[in-house]
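Structure file entry.tsv (TSV, C-alpha atoms) follows.
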chain	number	residue	atom	x	y	z
N	15	MET	CA	45.64	109.69	87.71
N	16	SER	CA	44.69	108.91	91.24
N	17	LYS	CA	46.80	105.81	91.04
N	18	PHE	CA	49.96	107.90	91.17
N	19	LYS	CA	48.78	110.42	93.73
N	20	LYS	CA	48.15	107.89	96.37
N	21	LYS	CA	51.48	108.01	98.20
N	22	SER	CA	52.37	111.61	97.50
N	23	ASP	CA	51.73	112.88	101.08
N	24	GLY	CA	53.83	110.23	102.74
N	25	GLY	CA	56.47	112.70	104.05
N	26	THR	CA	57.47	112.95	107.68
N	27	PRO	CA	54.50	112.06	109.88
N	28	ALA	CA	53.32	114.67	112.38
N	29	ILE	CA	54.98	114.31	115.78
N	30	SER	CA	52.50	113.35	118.41
N	31	THR	CA	52.16	115.99	121.08
N	32	ALA	CA	49.96	113.82	123.25
N	33	SER	CA	52.71	113.37	125.86
N	34	LEU	CA	53.46	117.07	126.04
N	35	PRO	CA	51.03	117.65	128.93
N	36	ASP	CA	52.71	114.86	130.84
N	37	ILE	CA	56.10	116.47	130.51
N	38	VAL	CA	54.74	119.85	131.48
N	39	PHE	CA	52.95	118.40	134.47
N	40	MET	CA	56.15	116.74	135.57
N	41	LEU	CA	57.93	120.09	135.55
N	42	LEU	CA	54.96	121.72	137.21
N	43	PHE	CA	54.99	119.26	140.09
N	44	PHE	CA	58.72	119.75	140.55
N	45	PHE	CA	58.36	123.48	140.91
N	46	MET	CA	55.28	123.17	143.09
N	47	VAL	CA	57.19	120.95	145.48
N	48	ALA	CA	60.37	123.03	145.41
N	49	THR	CA	58.62	126.33	145.90
N	50	VAL	CA	58.86	128.01	149.23
N	51	MET	CA	56.69	131.05	149.37
N	52	ARG	CA	58.76	134.03	150.42
N	53	GLU	CA	58.30	134.81	154.05
N	54	ASN	CA	58.94	138.50	153.69
N	55	SER	CA	59.14	140.78	150.74
N	56	LEU	CA	62.49	142.44	150.94
N	57	LYS	CA	62.96	146.16	150.83
N	58	ILE	CA	66.70	145.87	151.04
N	59	GLN	CA	69.45	144.45	148.89
N	60	ASN	CA	70.21	141.00	150.15
N	61	ALA	CA	73.01	139.28	148.28
N	62	LEU	CA	74.35	136.77	150.77
N	63	PRO	CA	78.05	135.98	151.01
N	64	VAL	CA	79.27	132.42	150.53
N	65	ALA	CA	81.09	130.04	152.85
N	66	ASN	CA	82.05	126.39	152.68
N	67	GLN	CA	82.01	125.30	156.32
N	68	VAL	CA	78.25	125.64	156.48
N	69	GLU	CA	75.78	123.65	158.48
N	70	LYS	CA	72.18	123.22	157.53
N	71	LEU	CA	69.80	125.38	159.46
N	72	ASP	CA	67.70	123.07	161.54
N	73	LYS	CA	64.12	123.76	160.46
N	74	LYS	CA	62.74	121.57	163.23
N	75	ASN	CA	63.58	124.33	165.65
N	76	PRO	CA	61.95	127.73	165.32
N	77	VAL	CA	63.83	130.29	163.25
N	78	SER	CA	63.44	134.06	163.19
N	79	TYR	CA	64.91	136.10	160.39
N	80	ILE	CA	66.58	139.46	160.62
N	81	TYR	CA	67.54	141.08	157.32
N	82	MET	CA	70.15	143.76	156.85
N	83	GLY	CA	71.33	145.63	153.82
N	84	LYS	CA	71.15	148.82	151.86
N	85	PRO	CA	67.63	149.95	150.89
N	86	SER	CA	66.95	148.65	147.39
N	87	ALA	CA	65.77	150.65	144.38
N	88	GLY	CA	62.53	152.42	145.10
N	89	TYR	CA	63.32	152.87	148.77
N	90	GLU	CA	66.10	155.42	148.37
N	91	LYS	CA	64.33	157.79	150.70
N	92	PHE	CA	65.47	155.56	153.55
N	93	GLY	CA	69.06	156.49	152.80
N	94	THR	CA	72.06	154.66	151.44
N	95	GLU	CA	73.33	153.23	154.70
N	96	SER	CA	72.55	149.65	155.65
N	97	ARG	CA	69.26	149.22	157.45
N	98	ILE	CA	67.55	146.49	159.43
N	99	GLN	CA	64.39	144.86	158.15
N	100	LEU	CA	62.10	142.95	160.47
N	101	ASN	CA	59.08	141.21	159.00
N	102	ASP	CA	57.95	143.50	156.19
N	103	GLN	CA	59.29	146.85	157.24
N	104	PHE	CA	62.36	148.82	158.07
N	105	ALA	CA	63.13	148.84	161.75
N	106	GLU	CA	65.30	150.68	164.18
N	107	LEU	CA	67.91	148.98	166.28
N	108	SER	CA	65.80	149.44	169.41
N	109	GLU	CA	63.01	147.34	167.87
N	110	VAL	CA	65.11	144.19	167.63
N	111	GLY	CA	64.54	143.26	171.27
N	112	ALA	CA	60.78	143.71	170.94
N	113	PHE	CA	60.79	141.67	167.73
N	114	ILE	CA	62.47	138.73	169.46
N	115	GLY	CA	59.96	139.10	172.29
N	116	ALA	CA	57.09	138.91	169.81
N	117	GLU	CA	58.62	135.89	168.07
N	118	ARG	CA	58.98	134.14	171.40
N	119	ALA	CA	55.42	134.94	172.40
N	120	ALA	CA	54.19	133.13	169.30
N	121	LEU	CA	56.02	129.94	170.23
N	122	ARG	CA	55.14	127.10	172.49
N	123	GLU	CA	56.96	127.50	175.75
N	124	GLU	CA	59.15	124.44	175.45
N	125	LEU	CA	60.51	125.61	172.11
N	126	ILE	CA	61.64	129.04	173.28
N	127	PRO	CA	65.20	128.05	174.26
N	128	PHE	CA	65.70	126.57	170.78
N	129	LEU	CA	64.86	129.74	168.88
N	130	THR	CA	67.59	130.44	166.35
N	131	VAL	CA	68.02	133.89	164.90
N	132	ALA	CA	69.13	133.74	161.27
N	133	LEU	CA	70.95	136.87	160.20
N	134	LYS	CA	70.54	137.44	156.49
N	135	VAL	CA	73.00	140.18	155.83
N	136	ASP	CA	73.99	141.68	152.52
N	137	LYS	CA	77.63	141.09	151.76
N	138	ASP	CA	78.30	144.80	151.28
N	139	ALA	CA	76.87	145.75	154.66
N	140	ASN	CA	79.38	146.85	157.25
N	141	MET	CA	79.98	145.08	160.51
N	142	GLY	CA	78.89	148.07	162.59
N	143	ILE	CA	75.20	147.35	162.18
N	144	VAL	CA	75.72	143.59	162.52
N	145	GLY	CA	77.64	144.13	165.76
N	146	ASP	CA	74.88	146.37	167.08
N	147	VAL	CA	72.22	143.78	166.29
N	148	LYS	CA	74.32	141.08	167.93
N	149	TYR	CA	74.56	143.21	171.04
N	150	GLU	CA	70.78	143.73	171.06
N	151	LEU	CA	70.31	139.97	170.76
N	152	ARG	CA	72.62	139.38	173.68
N	153	LYS	CA	70.59	141.84	175.72
N	154	VAL	CA	67.43	139.79	175.21
N	155	ASN	CA	69.35	136.56	175.66
N	156	ALA	CA	68.78	135.26	172.13
N	157	LEU	CA	72.19	133.67	171.81
N	158	LYS	CA	71.76	131.08	169.09
N	159	ILE	CA	72.51	132.78	165.82
N	160	ASN	CA	73.17	131.67	162.30
N	161	TYR	CA	74.90	133.73	159.65
N	162	THR	CA	72.98	132.58	156.61
N	163	THR	CA	75.29	132.16	153.65
N	164	GLY	CA	75.34	130.55	150.28
N	165	VAL	CA	77.59	127.60	149.59
N	166	GLY	CA	80.83	128.31	147.80
N	167	ASP	CA	84.45	129.20	148.27
N	168	ALA	CA	84.70	131.86	150.95
N	169	LEU	CA	87.72	133.41	149.31
N	170	ASN	CA	85.50	134.53	146.44
N	171	ASN	CA	83.77	137.00	148.75
N	172	ILE	CA	86.63	139.43	148.49
N	173	LYS	CA	87.40	140.92	145.17
R	6	MET	CA	15.37	109.40	121.23
R	7	ALA	CA	18.20	106.95	120.95
R	8	LYS	CA	20.81	106.89	123.67
R	9	ARG	CA	23.65	109.22	122.76
R	10	SER	CA	27.16	108.49	123.85
R	11	ALA	CA	28.79	111.27	125.87
R	12	PRO	CA	30.90	113.49	123.65
R	13	GLU	CA	34.62	113.26	124.18
R	14	VAL	CA	36.17	116.22	126.00
R	15	ASN	CA	38.89	117.86	124.03
R	16	ALA	CA	42.11	117.62	126.01
R	17	GLY	CA	44.15	119.69	123.61
R	18	SER	CA	44.17	122.75	125.86
R	19	MET	CA	45.34	120.85	128.91
R	20	ALA	CA	48.94	121.58	127.97
R	21	ASP	CA	48.16	125.28	127.87
R	22	ILE	CA	46.67	125.22	131.35
R	23	ALA	CA	49.61	123.25	132.66
R	24	PHE	CA	52.02	125.70	131.05
R	25	LEU	CA	50.24	128.58	132.68
R	26	LEU	CA	50.61	127.03	136.12
R	27	LEU	CA	54.18	126.03	135.38
R	28	ILE	CA	55.15	129.58	134.46
R	29	PHE	CA	53.47	130.91	137.58
R	30	PHE	CA	55.50	128.59	139.82
R	31	LEU	CA	58.67	129.22	137.84
R	32	VAL	CA	58.37	132.92	138.47
R	33	THR	CA	57.43	132.70	142.14
R	34	THR	CA	60.02	130.09	143.08
R	35	THR	CA	62.93	131.25	145.14
R	36	ILE	CA	64.97	128.35	146.33
R	37	GLU	CA	65.45	129.52	149.89
R	38	LYS	CA	68.94	129.38	151.30
R	39	ASP	CA	68.90	127.67	154.63
R	40	SER	CA	72.53	126.97	155.34
R	41	GLY	CA	74.98	129.03	157.26
R	42	LEU	CA	77.53	129.33	160.00
R	43	ASN	CA	76.07	128.60	163.40
R	44	ARG	CA	77.50	130.68	166.20
R	45	LYS	CA	76.68	131.20	169.81
R	46	LEU	CA	76.82	134.63	171.36
R	47	PRO	CA	78.18	135.08	174.85
R	48	PRO	CA	75.66	136.16	177.47
R	49	ILE	CA	76.08	139.58	178.95
R	50	GLU	CA	77.77	139.31	182.30
R	51	GLU	CA	78.41	142.28	184.43
R	52	ASP	CA	81.49	142.96	186.50
R	53	VAL	CA	83.25	139.74	185.70
R	54	GLU	CA	86.93	139.79	186.34
R	55	PRO	CA	88.56	138.82	183.02
R	56	PRO	CA	90.56	135.64	183.46
R	57	ILE	CA	94.29	135.94	183.14
R	58	ILE	CA	95.38	134.29	179.94
R	59	LYS	CA	98.94	134.02	178.80
R	60	GLN	CA	99.67	136.03	175.71
R	61	ARG	CA	101.05	133.00	173.89
R	62	ASN	CA	97.70	131.25	174.24
R	63	ILE	CA	95.85	133.98	172.39
R	64	PHE	CA	95.75	134.14	168.61
R	65	THR	CA	94.68	137.65	167.74
R	66	VAL	CA	92.93	138.29	164.46
R	67	LEU	CA	92.20	141.90	163.63
R	68	LEU	CA	90.12	143.10	160.73
R	69	ASN	CA	90.33	146.80	160.02
R	70	GLY	CA	87.93	149.09	158.20
R	71	LYS	CA	89.80	148.59	154.92
R	72	ASP	CA	89.28	144.82	155.15
R	73	GLN	CA	92.93	144.20	155.90
R	74	LEU	CA	93.81	141.28	158.10
R	75	LEU	CA	96.31	141.53	160.92
R	76	VAL	CA	97.17	138.20	162.53
R	77	GLU	CA	99.49	138.22	165.54
R	78	GLU	CA	100.69	141.70	164.58
R	79	GLU	CA	101.47	140.69	161.02
R	80	LEU	CA	99.61	141.44	157.84
R	81	MET	CA	98.18	138.33	156.28
R	82	GLU	CA	96.08	137.26	153.31
R	83	ILE	CA	92.84	135.49	154.15
R	84	LYS	CA	93.91	132.41	152.22
R	85	ASP	CA	96.83	131.91	154.64
R	86	LEU	CA	94.69	132.29	157.74
R	87	ARG	CA	93.51	128.71	157.93
R	88	ALA	CA	97.02	127.25	157.96
R	89	ALA	CA	98.17	129.77	160.54
R	90	ALA	CA	95.24	128.99	162.82
R	91	ILE	CA	95.83	125.24	162.52
R	92	GLU	CA	99.49	125.72	163.37
R	93	PHE	CA	98.54	127.73	166.43
R	94	LEU	CA	95.86	125.32	167.71
R	95	ASP	CA	97.88	122.20	167.04
R	96	ASN	CA	101.09	123.56	168.54
R	97	ASN	CA	101.10	121.67	171.86
R	98	GLY	CA	103.69	123.84	173.62
R	99	ASP	CA	103.58	122.07	177.00
R	100	GLY	CA	103.43	118.56	175.53
R	101	THR	CA	100.24	117.51	177.38
R	102	CYS	CA	98.25	116.92	174.20
R	103	THR	CA	98.94	113.40	173.01
R	104	TYR	CA	97.04	113.66	169.75
R	105	CYS	CA	98.58	116.92	168.53
R	106	LYS	CA	101.13	116.97	165.77
R	107	GLY	CA	102.30	120.53	166.15
R	108	ALA	CA	105.77	122.01	166.36
R	109	LYS	CA	105.83	122.26	170.20
R	110	ASN	CA	106.96	125.82	169.88
R	111	THR	CA	107.23	127.35	173.36
R	112	SER	CA	106.23	130.79	172.14
R	113	SER	CA	102.87	129.53	170.78
R	114	SER	CA	99.84	127.91	172.41
R	115	ASP	CA	100.21	125.38	175.27
R	116	ASN	CA	97.53	122.93	174.16
R	117	PRO	CA	94.27	123.04	172.21
R	118	TYR	CA	92.30	123.37	175.40
R	119	LYS	CA	94.03	126.60	176.37
R	120	ALA	CA	94.33	128.06	172.88
R	121	ILE	CA	91.93	130.90	172.24
R	122	ILE	CA	91.31	132.71	168.99
R	123	SER	CA	90.36	136.32	169.49
R	124	LEU	CA	88.63	138.07	166.61
R	125	LYS	CA	88.18	141.80	166.50
R	126	ASN	CA	86.59	143.77	163.73
R	127	ASP	CA	85.97	147.40	162.97
R	128	ARG	CA	82.60	148.99	162.35
R	129	GLU	CA	83.60	149.60	158.74
R	130	THR	CA	84.66	146.03	158.01
R	131	THR	CA	82.46	144.59	155.29
R	132	TYR	CA	80.30	141.64	156.18
R	133	ALA	CA	81.64	139.51	153.33
R	134	THR	CA	85.19	139.72	154.67
R	135	TYR	CA	84.03	139.00	158.18
R	136	ILE	CA	82.21	135.87	157.00
R	137	SER	CA	85.28	134.73	155.08
R	138	VAL	CA	87.41	135.08	158.20
R	139	GLN	CA	84.83	133.28	160.33
R	140	ASN	CA	84.67	130.56	157.71
R	141	GLU	CA	88.45	130.08	157.68
R	142	LEU	CA	88.59	129.89	161.47
R	143	VAL	CA	85.77	127.34	161.61
R	144	ALA	CA	87.57	125.46	158.84
R	145	ALA	CA	90.74	125.33	160.94
R	146	TYR	CA	88.85	123.68	163.78
R	147	ASN	CA	87.12	121.33	161.36
R	148	VAL	CA	90.42	120.23	159.79
R	149	LEU	CA	91.80	119.29	163.20
R	150	ARG	CA	88.60	117.61	164.29
R	151	ASN	CA	88.38	115.68	161.04
R	152	ARG	CA	91.92	114.45	161.51
R	153	ARG	CA	91.12	113.35	165.03
R	154	ALA	CA	87.90	111.66	163.92
R	155	LEU	CA	89.76	109.58	161.35
R	156	GLU	CA	92.19	108.47	164.06
R	157	LEU	CA	89.57	107.80	166.68
R	158	GLY	CA	86.78	106.46	164.47
R	159	PRO	CA	88.11	102.99	163.53
R	160	SER	CA	88.51	101.87	167.17
R	161	GLN	CA	84.88	102.83	167.83
R	162	GLY	CA	83.54	101.22	164.70
R	163	PHE	CA	83.23	104.30	162.52
R	164	THR	CA	85.78	103.88	159.78
R	165	ASP	CA	86.38	106.44	157.04
R	166	MET	CA	84.13	109.00	158.64
R	167	ASN	CA	85.43	112.45	159.40
R	168	PHE	CA	84.00	114.80	161.99
R	169	VAL	CA	81.74	116.69	159.61
R	170	GLU	CA	80.31	113.43	158.28
R	171	MET	CA	79.85	112.15	161.82
R	172	GLN	CA	77.79	115.19	162.72
R	173	LYS	CA	75.79	114.86	159.54
R	174	ASN	CA	75.15	111.18	160.18
R	175	TYR	CA	74.14	111.88	163.73
R	176	LYS	CA	71.42	114.21	162.50
R	177	ASP	CA	70.39	111.86	159.70
R	178	ALA	CA	67.39	109.75	160.69
R	179	ARG	CA	68.29	107.12	158.09
R	180	PHE	CA	71.75	106.51	159.49
R	181	ILE	CA	72.30	102.85	160.29
R	182	GLY	CA	74.63	102.43	163.21
R	183	ASN	CA	75.09	103.05	166.87
R	184	LYS	CA	74.02	106.64	167.39
R	185	ILE	CA	74.74	106.71	171.11
R	186	LYS	CA	78.30	105.68	170.49
R	187	LEU	CA	78.59	108.17	167.65
R	188	LYS	CA	77.44	110.95	169.95
R	189	GLU	CA	80.11	109.93	172.45
R	190	VAL	CA	82.81	110.11	169.82
R	191	ILE	CA	81.57	113.50	168.63
R	192	ASN	CA	81.56	114.86	172.16
R	193	GLN	CA	85.02	113.51	172.84
R	194	ILE	CA	86.41	115.20	169.73
R	195	LYS	CA	84.63	118.41	170.65
R	196	LEU	CA	86.30	118.28	174.05
R	197	GLU	CA	89.69	117.54	172.58
R	198	PHE	CA	89.52	120.45	170.16
R	199	PRO	CA	87.15	122.89	171.85
R	200	GLN	CA	86.06	125.78	169.69
R	201	LYS	CA	87.25	128.78	171.65
R	202	LEU	CA	86.55	131.68	169.43
R	203	SER	CA	86.10	134.93	171.23
R	204	GLU	CA	84.87	138.13	169.67
R	205	VAL	CA	86.00	141.41	171.07
R	206	GLN	CA	83.36	144.09	171.42
Same coordinates, now as C-alpha cells:
Amino acid sequence: MSKFKKKSDGGTPAISTASLPDIVFMLLFFFMVATVMRENSLKIQNALPVANQVEKLDKKNPVSYIYMGKPSAGYEKFGTESRIQLNDQFAELSEVGAFIGAERAALREELIPFLTVALKVDKDANMGIVGDVKYELRKVNALKINYTTGVGDALNNIK
Amino acid sequence: MAKRSAPEVNAGSMADIAFLLLIFFLVTTTIEKDSGLNRKLPPIEEDVEPPIIKQRNIFTVLLNGKDQLLVEEELMEIKDLRAAAIEFLDNNGDGTCTYCKGAKNTSSSDNPYKAIISLKNDRETTYATYISVQNELVAAYNVLRNRRALELGPSQGFTDMNFVEMQKNYKDARFIGNKIKLKEVINQIKLEFPQKLSEVQ
C-alpha cells in the first residue's frame, strides 16, 4: 500500500517566502530616503499650478514658505476667500513682514541676502492676495521669490 | 548539565514588522515639490521719474478678471503668446542687433536690449492663468537664449548645449568642463537677451 502512496504529495512545491523581507526592506528604505517630513500642516487648499520653464529651488540657500489658498474642509469658519498661511496658522497680510523678519533672525547673517521666499499658491486663488503679499515682501526688501509649481504643460492650467 | 546550543530566533515575523514600517512611510510620504519660476521683485523706490520709453518698445500684456488675455490691444489665446513675444523681442527694428533674426519691423521693438514686456493683471485674475502667462513669457526668453547658445557655444567649446542646459551644467558639481568659461558664455547670453519683464502695480 505504502509503495504507491509515496509520491502522491509531489504537487507544486511551496514557494519560499524567505526573500520577502528583503523585498519589503528594499521598498522601506526607498520610502525612508524619499520621505520629507511636512514642514507645515496645511489648513488651506494647496493644489499648485504647473509650468514647464521651471528651475529647481536651490535648497543650499535658505527658503521660507508662504502658503495661500482657500481654507480647506474643517476650517470653513475662516471664510471662503483665499487666505495666507504662515507656519501653522492663518495670518493677516500685515504679519507677512514680521514673518520675514523672524525668518531672517533665525539665519546666519551672511545667508540673509540669499533668503528666497517660495510662494505656494493654490491655482484657484486670485491674484489680488498674491499681489498684496508681493507688495509686503517688497516693503521688507525680500525680493527673491519663487512661484512654486509642478512640472507640466502650462496650458493645462486653464480649462 | 550539558551545554545547550542557543535556540534559533524565528524570523518569520520580520516581514510583518517591515511591512508595518513600510506602510507608515508610504502614508507619511509627500514628495515635496521644489521647482518653480524664480522671479525678482523690484525694490520700492520713491519719487523716481519714470524713464521715457518709446511705445513701440513696450509689449503690453493685460490679464483681466475673467482670465482673458489682451496683448498689444488685441485679444489673444495663451498658446499664441509665446510666438508673439518672440516676434517682438527678436524684431531688431533699428538693425543694431547682429544676432537677431526678426522681421526688422519699424513699428515693433528696436532691439532686445530696449524691448520691455509689461505685464498687468487684475485682482480677480486666477493664479493659474497668471502662472501660465509668466511661464510663456519666460519660455519666449528661453527660446531666444537657447538659439543664441547653440550659435555661440561651439566657438567656446560647448557644442550641442542650449542655454537651459548650460545653466543646469553650471550648477551641477559633476560637470566636467571649464566652468569659468561657461559662466562667461551664460552671462554674455543674458546680456544679449536681457529679461526685461516689468509688472505693473
Q | Distance filter 6 Å, only C-alpha atoms, chain R against chain N, as a PyMOL selection string | A | chain R and resi 20+27+30+34+39-46+48+128-133+137
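Minimum atom-to-atom distance to Asn151 (chain R), evaluated using only C-alpha atoms, belongs to R:Phe168 out of R:Phe168, R:Tyr175, R:Phe180, R:Tyr118.
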Q: Go through R:Asn147, R:Ser18, R:Gln200, R:Thr111 and flag the residue nearest Gly98 (chain R), using all atoms listed in the file for the distances.
A: R:Thr111
Q: Could you tell me which of R:Lys173, R:Lys201, R:Lys84, R:Lys109 comes closest to Tyr146 (chain R) if we count all atoms listed in the file?
A: R:Lys201
(Q) I'd like the contact shell of Leu74 (chain R) - 12 Å cut-off, all atoms listed in the file, skipping same-chain residues fewer than 3 positions apart - returned as a ChimeraX atom specification. (A) /R:65-71,77-86,124-127,130,134-135,137-138
Q. Residues at most 8 Å from Ser203 (chain R), counting only C-alpha atoms, excluding those fewer than 4 positions away in the same chain, as a list in words?
A. Ile121, Ile122, Ser123 and Leu124 of chain R
(Q) So that I can see what lies close to Thr103 (chain R), please list as a VMD selection string the residues with an atom at most 12 Å from it, counting only C-alpha atoms and leaving out residues fewer than 6 positions away in the same chain. (A) chain R and resid 95 to 97 109 116 to 117 153 197
Can I get the selected residues back with C-alpha atoms, as a tab-separated table (two decimals), keeping the file's coordinate frame?
chain	number	residue	atom	x	y	z
R	95	ASP	CA	97.88	122.20	167.04
R	96	ASN	CA	101.09	123.56	168.54
R	97	ASN	CA	101.10	121.67	171.86
R	109	LYS	CA	105.83	122.26	170.20
R	116	ASN	CA	97.53	122.93	174.16
R	117	PRO	CA	94.27	123.04	172.21
R	153	ARG	CA	91.12	113.35	165.03
R	197	GLU	CA	89.69	117.54	172.58
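As for CA of Tyr81 (chain N) and CA of Arg118 (chain N), they are spaced 17.9 Å apart.
CA of Ser114 (chain R) sits 6.7 Å away from CA of Leu94 (chain R).
Between CA of Gln193 (chain R) and CA of Asp99 (chain R) the separation is 20.9 Å.
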Step by step: start from the point (61.3, 131.5, 177.7) in the file's coordinates, keep every protein, DNA or RNA residue that has an atom no farther than 12 Å from it, count all atoms listed in the file, and write the set as a PDB file with C-alpha atoms, in the frame of the given file.
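Writing done, so here's part_23.pdb:
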ATOM      1  CA  ILE N 114      62.470 138.730 169.460  1.00  0.00           C
ATOM      2  CA  GLY N 115      59.960 139.100 172.290  1.00  0.00           C
ATOM      3  CA  ALA N 116      57.090 138.910 169.810  1.00  0.00           C
ATOM      4  CA  GLU N 117      58.620 135.890 168.070  1.00  0.00           C
ATOM      5  CA  ARG N 118      58.980 134.140 171.400  1.00  0.00           C
ATOM      6  CA  ALA N 119      55.420 134.940 172.400  1.00  0.00           C
ATOM      7  CA  ALA N 120      54.190 133.130 169.300  1.00  0.00           C
ATOM      8  CA  LEU N 121      56.020 129.940 170.230  1.00  0.00           C
ATOM      9  CA  ARG N 122      55.140 127.100 172.490  1.00  0.00           C
ATOM     10  CA  GLU N 123      56.960 127.500 175.750  1.00  0.00           C
ATOM     11  CA  GLU N 124      59.150 124.440 175.450  1.00  0.00           C
ATOM     12  CA  LEU N 125      60.510 125.610 172.110  1.00  0.00           C
ATOM     13  CA  ILE N 126      61.640 129.040 173.280  1.00  0.00           C
ATOM     14  CA  PRO N 127      65.200 128.050 174.260  1.00  0.00           C
ATOM     15  CA  PHE N 128      65.700 126.570 170.780  1.00  0.00           C
ATOM     16  CA  LEU N 129      64.860 129.740 168.880  1.00  0.00           C
ATOM     17  CA  VAL N 154      67.430 139.790 175.210  1.00  0.00           C
ATOM     18  CA  ASN N 155      69.350 136.560 175.660  1.00  0.00           C
ATOM     19  CA  ALA N 156      68.780 135.260 172.130  1.00  0.00           C
TER      20      ALA N 156
END
